[in-house]
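Listing of work25.cif; format and content: mmCIF, C-alpha atoms.
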```cif
data_final
loop_
_atom_site.label_atom_id
_atom_site.label_comp_id
_atom_site.auth_asym_id
_atom_site.auth_seq_id
_atom_site.Cartn_x
_atom_site.Cartn_y
_atom_site.Cartn_z
CA MET A 203 0.00 0.00 0.00
CA ALA A 204 1.39 3.37 -0.98
CA PHE A 205 2.02 5.83 1.83
CA ARG A 206 0.09 8.95 0.89
CA SER A 207 1.71 11.92 2.57
CA ALA A 208 1.47 15.66 2.08
CA VAL A 209 3.91 18.44 2.93
CA ILE A 210 2.38 21.90 3.35
CA THR A 211 4.43 24.82 2.06
CA PHE A 212 3.82 28.29 3.48
CA PRO A 213 5.49 31.41 2.14
CA GLY A 214 8.80 31.32 4.02
CA SER A 215 8.88 27.57 4.68
CA ASN A 216 12.40 26.33 4.01
CA CYS A 217 12.48 22.73 5.22
CA ASP A 218 9.59 21.56 3.04
CA ARG A 219 11.86 19.92 0.49
CA ASP A 220 13.89 18.15 3.21
CA MET A 221 10.64 16.86 4.69
CA ALA A 222 9.39 15.62 1.32
CA VAL A 223 12.72 13.89 0.61
CA ALA A 224 12.68 12.21 4.04
CA LEU A 225 9.11 10.98 3.54
CA GLU A 226 9.95 9.58 0.12
CA GLN A 227 13.18 7.94 1.30
CA VAL A 228 11.46 6.17 4.16
CA SER A 229 8.17 5.30 2.47
CA GLY A 230 9.24 4.88 -1.15
CA THR A 231 6.37 7.11 -2.29
CA PRO A 232 6.82 10.79 -3.22
CA ALA A 233 5.09 13.21 -0.88
CA ILE A 234 2.39 15.45 -2.33
CA ARG A 235 3.29 19.13 -2.10
CA VAL A 236 0.45 21.39 -0.96
CA TRP A 237 0.44 25.21 -1.07
CA HIS A 238 -0.84 27.17 1.94
CA GLY A 239 -3.44 29.01 -0.11
CA ASP A 240 -5.17 25.81 -1.18
CA ALA A 241 -8.49 25.30 0.53
CA ASP A 242 -8.47 21.51 0.33
CA LEU A 243 -6.06 18.70 1.06
CA PRO A 244 -5.70 15.78 -1.34
CA ASP A 245 -8.08 12.92 -0.54
CA GLY A 246 -7.11 9.88 1.47
CA LEU A 247 -3.97 11.22 3.16
CA ASP A 248 -2.06 8.96 5.57
CA PHE A 249 0.24 11.66 6.89
CA ILE A 250 0.48 15.46 6.90
CA ALA A 251 3.72 17.31 7.61
CA LEU A 252 4.10 20.98 8.50
CA PRO A 253 7.74 21.83 7.80
CA GLY A 254 10.26 24.15 9.38
CA GLY A 255 11.09 27.62 8.19
CA PHE A 256 9.96 31.16 8.81
CA SER A 257 6.42 31.24 7.49
CA TYR A 258 5.26 34.80 6.76
CA GLY A 259 8.61 36.04 8.03
CA ASP A 260 7.55 35.18 11.60
CA TYR A 261 5.34 38.29 11.49
CA LEU A 262 3.31 38.94 14.64
CA ARG A 263 4.47 35.68 16.29
CA SER A 264 6.20 32.61 14.83
CA GLY A 265 3.54 30.51 13.13
CA ALA A 266 0.71 32.96 13.88
CA MET A 267 -0.10 33.91 10.31
CA ALA A 268 0.35 30.41 8.88
CA ALA A 269 -2.02 29.03 11.51
CA ARG A 270 -4.78 31.20 10.01
CA SER A 271 -4.06 30.38 6.36
CA PRO A 272 -6.76 28.62 4.29
CA ILE A 273 -5.13 25.17 4.25
CA MET A 274 -4.97 25.04 8.06
CA GLN A 275 -8.74 24.69 8.33
CA ALA A 276 -8.40 21.51 6.27
CA VAL A 277 -5.45 20.35 8.40
CA ILE A 278 -7.45 20.94 11.60
CA GLU A 279 -10.35 18.92 10.17
CA ALA A 280 -8.03 16.11 9.06
CA ALA A 281 -6.38 16.02 12.49
CA GLY A 282 -9.85 15.74 14.01
CA ARG A 283 -10.52 12.70 11.84
CA GLY A 284 -7.34 11.08 13.16
CA VAL A 285 -4.96 11.71 10.27
CA PRO A 286 -1.38 11.81 11.65
CA VAL A 287 0.01 15.36 11.61
CA LEU A 288 3.67 16.12 12.28
CA GLY A 289 4.84 19.70 12.81
CA VAL A 290 8.57 20.30 12.97
CA CYS A 291 10.14 23.56 14.18
CA ASN A 292 8.02 26.28 12.54
CA GLY A 293 5.46 23.51 11.98
CA PHE A 294 5.30 23.00 15.77
CA GLN A 295 4.81 26.75 16.21
CA VAL A 296 1.99 26.65 13.66
CA LEU A 297 0.31 23.73 15.48
CA THR A 298 0.33 25.57 18.82
CA GLU A 299 -0.91 28.79 17.20
CA ALA A 300 -3.69 26.81 15.48
CA GLY A 301 -4.75 25.32 18.80
CA LEU A 302 -4.00 21.73 17.77
CA LEU A 303 -1.39 21.50 20.51
CA PRO A 304 -1.30 23.21 23.92
CA GLY A 305 1.30 25.78 24.95
CA ALA A 306 3.34 28.29 23.03
CA LEU A 307 6.89 28.63 21.69
CA MET A 308 8.67 31.73 22.84
CA ARG A 309 12.04 33.36 22.10
CA ASN A 310 14.94 31.17 23.29
CA ALA A 311 15.93 32.02 26.84
CA SER A 312 19.46 32.80 25.64
CA GLN A 313 18.08 35.19 22.99
CA ASN A 314 20.37 33.37 20.56
CA PHE A 315 19.50 31.31 17.53
CA VAL A 316 20.51 27.75 18.40
CA CYS A 317 21.72 25.51 15.58
CA ARG A 318 23.34 22.22 16.55
CA THR A 319 22.65 18.54 17.04
CA VAL A 320 21.19 17.92 20.49
CA PRO A 321 20.54 14.80 22.56
CA LEU A 322 16.87 14.01 23.13
CA LYS A 323 15.32 11.53 25.52
CA VAL A 324 12.40 9.55 24.11
CA GLU A 325 9.80 9.94 26.86
CA ASN A 326 6.94 8.10 25.23
CA ASN A 327 7.57 5.29 22.77
CA ARG A 328 3.96 4.16 22.57
CA SER A 329 2.86 6.88 20.16
CA LEU A 330 2.24 6.59 16.47
CA PHE A 331 5.40 8.60 15.83
CA THR A 332 7.74 7.06 18.38
CA SER A 333 6.98 3.34 18.48
CA GLY A 334 10.26 2.63 16.68
CA TYR A 335 12.29 4.02 19.59
CA LYS A 336 12.97 2.51 22.99
CA ALA A 337 11.50 4.27 26.03
CA GLY A 338 14.18 6.40 27.64
CA GLN A 339 16.46 6.04 24.61
CA THR A 340 18.73 8.99 23.84
CA VAL A 341 18.70 10.07 20.20
CA HIS A 342 20.63 12.84 18.49
CA ILE A 343 18.67 15.18 16.22
CA PRO A 344 19.52 18.69 14.94
CA VAL A 345 17.76 21.81 16.08
CA ALA A 346 17.81 25.19 14.32
CA HIS A 347 15.52 27.80 15.84
CA HIS A 348 15.18 31.14 17.57
CA ASP A 349 11.75 30.58 19.08
CA GLY A 350 11.80 27.11 20.59
CA ASN A 351 11.30 27.96 24.24
CA TYR A 352 8.22 25.87 25.07
CA PHE A 353 5.84 27.34 27.60
CA ALA A 354 2.58 26.15 29.12
CA ASP A 355 1.05 26.77 32.53
CA GLU A 356 1.74 24.32 35.34
CA ALA A 357 -1.68 22.68 35.19
CA THR A 358 -1.29 22.02 31.46
CA LEU A 359 2.23 20.67 31.96
CA ASP A 360 1.09 18.31 34.71
CA ARG A 361 -1.70 17.06 32.48
CA LEU A 362 0.69 16.54 29.52
CA GLU A 363 3.10 14.59 31.70
CA GLY A 364 0.32 12.56 33.32
CA GLU A 365 -1.10 11.59 29.96
CA GLY A 366 2.26 10.66 28.48
CA ARG A 367 2.03 13.45 25.95
CA VAL A 368 5.62 14.62 26.29
CA ALA A 369 7.16 12.69 23.40
CA PHE A 370 10.70 14.05 23.60
CA ARG A 371 12.69 15.93 26.19
CA TYR A 372 16.03 17.71 25.73
CA ALA A 373 18.80 15.84 27.52
CA GLU A 374 20.79 19.07 27.91
CA PRO A 375 19.83 22.76 28.13
CA VAL A 376 18.89 24.03 24.65
CA ASN A 377 16.41 26.90 24.67
CA GLY A 378 14.88 27.33 28.11
CA SER A 379 11.80 25.16 27.48
CA VAL A 380 9.79 24.38 30.59
CA ARG A 381 10.64 20.91 31.87
CA ASP A 382 13.02 20.56 28.89
CA ILE A 383 10.09 19.69 26.64
CA ALA A 384 11.12 19.22 22.99
CA GLY A 385 8.01 17.57 21.54
CA VAL A 386 4.38 17.13 22.59
CA LEU A 387 1.42 15.06 21.42
CA ASN A 388 -2.24 16.01 21.26
CA GLU A 389 -4.79 14.19 23.39
CA ALA A 390 -5.65 11.66 20.68
CA GLY A 391 -1.97 11.02 19.95
CA ASN A 392 -2.19 11.69 16.20
CA VAL A 393 -0.62 15.17 16.26
CA LEU A 394 3.05 15.63 17.21
CA GLY A 395 4.89 18.93 17.36
CA MET A 396 8.63 19.06 17.97
CA MET A 397 11.38 21.64 17.57
CA PRO A 398 14.17 19.20 16.53
CA HIS A 399 14.33 18.21 12.87
CA PRO A 400 14.00 14.42 12.37
CA GLU A 401 13.96 14.96 8.60
CA ARG A 402 17.55 16.20 8.87
CA ALA A 403 18.73 12.91 10.38
CA ILE A 404 17.61 10.26 7.91
CA GLU A 405 20.83 8.78 6.54
CA PRO A 406 24.45 8.52 7.70
CA ALA A 407 25.48 11.26 5.24
CA HIS A 408 23.38 13.65 7.37
CA GLY A 409 25.69 12.96 10.28
CA GLY A 410 23.18 10.68 11.91
CA SER A 411 20.01 8.78 11.16
CA ASP A 412 18.18 8.91 14.48
CA GLY A 413 15.25 10.74 12.89
CA ARG A 414 14.47 7.90 10.53
CA ALA A 415 12.66 5.78 13.12
CA LEU A 416 10.06 8.52 13.58
CA PHE A 417 8.93 8.25 9.97
CA GLU A 418 9.27 4.46 10.04
CA SER A 419 7.03 4.37 13.12
CA ALA A 420 4.30 6.29 11.32
CA LEU A 421 4.63 4.09 8.25
CA LYS A 422 4.48 0.93 10.35
CA GLY A 423 1.43 2.29 12.18
CA LEU A 424 -0.34 2.72 8.87
CA VAL A 425 0.47 -0.77 7.63
CA GLU A 426 -0.73 -2.31 10.88
CA ALA A 427 -3.87 -0.16 11.04
CA MET B 46 -11.89 55.16 14.66
CA LYS B 47 -8.31 54.62 15.79
CA VAL B 48 -7.75 51.71 18.12
CA ARG B 49 -4.57 50.77 19.91
CA VAL B 50 -4.14 47.19 21.04
CA HIS B 51 -1.50 46.77 23.71
CA VAL B 52 -0.24 43.19 23.88
CA SER B 53 1.86 42.19 26.88
CA LEU B 54 3.19 38.96 28.36
CA LYS B 55 1.19 37.46 31.20
CA ASN B 56 2.62 37.60 34.69
CA GLY B 57 4.74 34.57 35.36
CA VAL B 58 5.79 34.16 31.74
CA LEU B 59 9.53 34.70 31.45
CA ASP B 60 10.45 37.47 29.05
CA PRO B 61 13.94 36.89 27.60
CA GLN B 62 13.70 40.03 25.47
CA GLY B 63 12.75 42.19 28.45
CA ARG B 64 15.65 40.71 30.37
CA ALA B 65 18.08 41.46 27.54
CA ILE B 66 16.81 45.06 27.36
CA HIS B 67 17.23 45.32 31.12
CA HIS B 68 20.84 44.15 30.87
CA ALA B 69 21.48 46.59 28.03
CA LEU B 70 20.10 49.48 30.08
CA GLU B 71 22.38 48.52 32.95
CA GLY B 72 25.26 48.31 30.49
CA LEU B 73 24.55 51.90 29.48
CA GLY B 74 24.89 52.93 33.09
CA PHE B 75 21.21 53.46 33.94
CA SER B 76 20.58 52.38 37.51
CA GLY B 77 17.37 51.87 39.41
CA VAL B 78 15.60 49.84 36.70
CA ASN B 79 13.96 46.97 38.57
CA ASP B 80 12.39 45.03 35.70
CA VAL B 81 11.66 45.30 31.99
CA ARG B 82 8.83 43.60 30.14
CA ALA B 83 8.61 43.99 26.36
CA GLY B 84 5.26 43.99 24.60
CA ARG B 85 3.73 44.97 21.31
CA LEU B 86 1.56 47.87 20.18
CA ILE B 87 -0.80 47.31 17.26
CA GLU B 88 -2.66 50.30 15.83
CA LEU B 89 -5.87 49.70 13.92
CA ASP B 90 -7.99 52.10 11.91
CA VAL B 91 -11.50 50.67 11.89
CA ASP B 92 -14.98 51.78 10.86
CA ASP B 93 -16.99 53.40 13.65
CA GLY B 94 -19.49 50.55 13.35
CA VAL B 95 -16.97 47.91 14.46
CA THR B 96 -18.21 46.62 17.80
CA ASP B 97 -16.29 46.06 21.01
CA GLU B 98 -17.12 42.37 20.68
CA ALA B 99 -15.51 42.27 17.23
CA LEU B 100 -12.39 44.03 18.54
CA ASP B 101 -12.20 41.53 21.40
CA GLU B 102 -12.50 38.67 18.97
CA MET B 103 -9.73 40.10 16.76
CA CYS B 104 -7.46 40.15 19.79
CA ARG B 105 -8.33 36.66 20.96
CA LYS B 106 -8.20 35.05 17.51
CA LEU B 107 -5.06 36.66 16.17
CA LEU B 108 -3.51 39.74 17.72
CA ALA B 109 -2.67 38.12 21.07
CA ASN B 110 -1.74 34.54 21.91
CA MET B 111 -3.91 33.93 24.95
CA VAL B 112 -1.58 31.18 26.21
CA ILE B 113 1.15 33.68 26.99
CA GLU B 114 -0.22 37.17 26.39
CA ASN B 115 -2.79 39.64 27.68
CA TYR B 116 -4.23 42.48 25.63
CA ARG B 117 -5.73 45.86 26.35
CA ILE B 118 -7.85 47.77 23.84
CA GLU B 119 -7.57 51.54 23.84
CA LYS B 120 -9.81 53.68 21.66
CA VAL B 121 -8.10 56.86 20.55
CA ALA B 122 -10.07 60.02 19.80
CA ALA B 123 -9.68 60.85 16.14
#
```

Before we go any further, please render this structure as structure tokens.
Amino acid sequence: MAFRSAVITFPGSNCDRDMAVALEQVSGTPAIRVWHGDADLPDGLDFIALPGGFSYGDYLRSGAMAARSPIMQAVIEAAGRGVPVLGVCNGFQVLTEAGLLPGALMRNASQNFVCRTVPLKVENNRSLFTSGYKAGQTVHIPVAHHDGNYFADEATLDRLEGEGRVAFRYAEPVNGSVRDIAGVLNEAGNVLGMMPHPERAIEPAHGGSDGRALFESALKGLVEA
Amino acid sequence: MKVRVHVSLKNGVLDPQGRAIHHALEGLGFSGVNDVRAGRLIELDVDDGVTDEALDEMCRKLLANMVIENYRIEKVAA
């Protein structure tokens, strides 16, 4: 069965091609490219990816404008139907701004853009996106962001932790995120937002391939579904 | 009608930019500054018929992120 995935491109997205290449490499099927101004998604999608970048030049707040673009209504509806949605970096910011994930991503505590490979702890390996990892495993995935400082109020954080919705945690200080949170899941478990870039760690030539298992997990989930 | 929307970070939300500005002020030799919080001012020019409810909705849906920010609407005499 072909893996039918879509990558949404906003004006200012710059990791959309990397995401499409990663999806094709892992699944063997080219990803469908979708423009932000489209009102509809292709039918029968198995996976939707919101890529990294600086959509709308980060105007107002990172991800704020993209979250209100026409295609996001379709993404919100698809997420509600259970279609897996992955938001990476700016894609994570868009998901929080769109209300698909709790919390917000603020300016890094250091004020500096951070661009390096960081160690992450896999906190939950029972999700659609993380079943290919071992619980507690440390993986190395690149980050590249200025606004990755995750914030949510204490009650929300306690609920996320209690429900196993923290997918990844930084294993060293990176950006000031509360409780070192690097990636969170929605309540149903079919939406994941994360600041690190798994699509940049797919093959050894990338300097590491720890991101590959994330896409393989989603693919495996589809086959078994 | 001119409307100013003042967007500020909620209490308890760390403000790295405010902190950096604070440090810069100290670096310039200004003393006695206890805290700095940076916000955003958005000026709108709207028809007189635009209701308070609509302005509120604009703020909640787009101009402010209610997870981290508060807003205050100020109507300015033309």

Can you list what the PyMOL selection byres ((chain A) within 7 of (chain B)) grabs from this structure, as a PyMOL selection string? chain A and resi 305-306+309+311+313

Run the PyMOL selection byres ((chain A and resi 227-233) around 7) against the file shown and list the residues it catches, as an MDAnalysis selection string. chainID A and resid 204:209 222:226 234:235 417:418 421

Care to translate the PyMOL selection byres ((chain A and resi 210) around 9) into actual residues of this file, as a PyMOL selection string? chain A and resi 208-209+211-212+215+218+234-238+250-253+273

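Residue nearest Phe315 of chain A, chosen from A:Ala346, A:Ala300, A:Ala357, A:Cys291 and counting only C-alpha atoms: A:Ala346.
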
Atom CA of Asp97 of chain B to atom CA of Met274 of chain A measures 27.2 Å

Hey, what's within 10 Å of Gly334 of chain A if we count only C-alpha atoms and toss same-chain stuff fewer than 6 positions away? As a PyMOL selection string, please? chain A and resi 327-328+414-420+422-423

10 Å contact set for segment 387-389 of chain A, all atoms listed in the file, chain neighbours under 2 positions out, as a ChimeraX atom specification: /A:281,287-288,297,301-304,326,329-331,362,365-370,385,391-396

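Atom to atom, atom CA of Ala403 of chain A and atom CA of Pro344 of chain A stand 7.4 Å apart.
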
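Straight-line separation from atom CA of Ala266 of chain A to atom CA of Glu299 of chain A: 5.6 Å.
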
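Minimum atom-to-atom distance to Ser271 of chain A, evaluated using only C-alpha atoms, belongs to A:Asp242 out of A:Asp220, A:Asp242, A:Glu363, A:Glu374.
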
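Distances to Ser53 of chain B were evaluated for B:Arg105, B:Asp80, B:Tyr116, B:Asp92 using all atoms listed in the file, and the minimum falls at B:Tyr116.
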
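Here the question is which of A:His342, A:Lys323, A:Arg219, A:His348 gets nearest to Ala384 of chain A using only C-alpha atoms, and that residue is A:Lys323.
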
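With all atoms listed in the file as the atoms that count, the minimum distance from Asp90 of chain B to the choices B:Glu102, B:Glu71, B:Glu119, B:Glu114 is reached by B:Glu119.
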
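The closest residue to Gly239 of chain A, picked from A:Leu307, A:Ala276, A:Val320, A:Leu359 and counting only C-alpha atoms, is A:Ala276.
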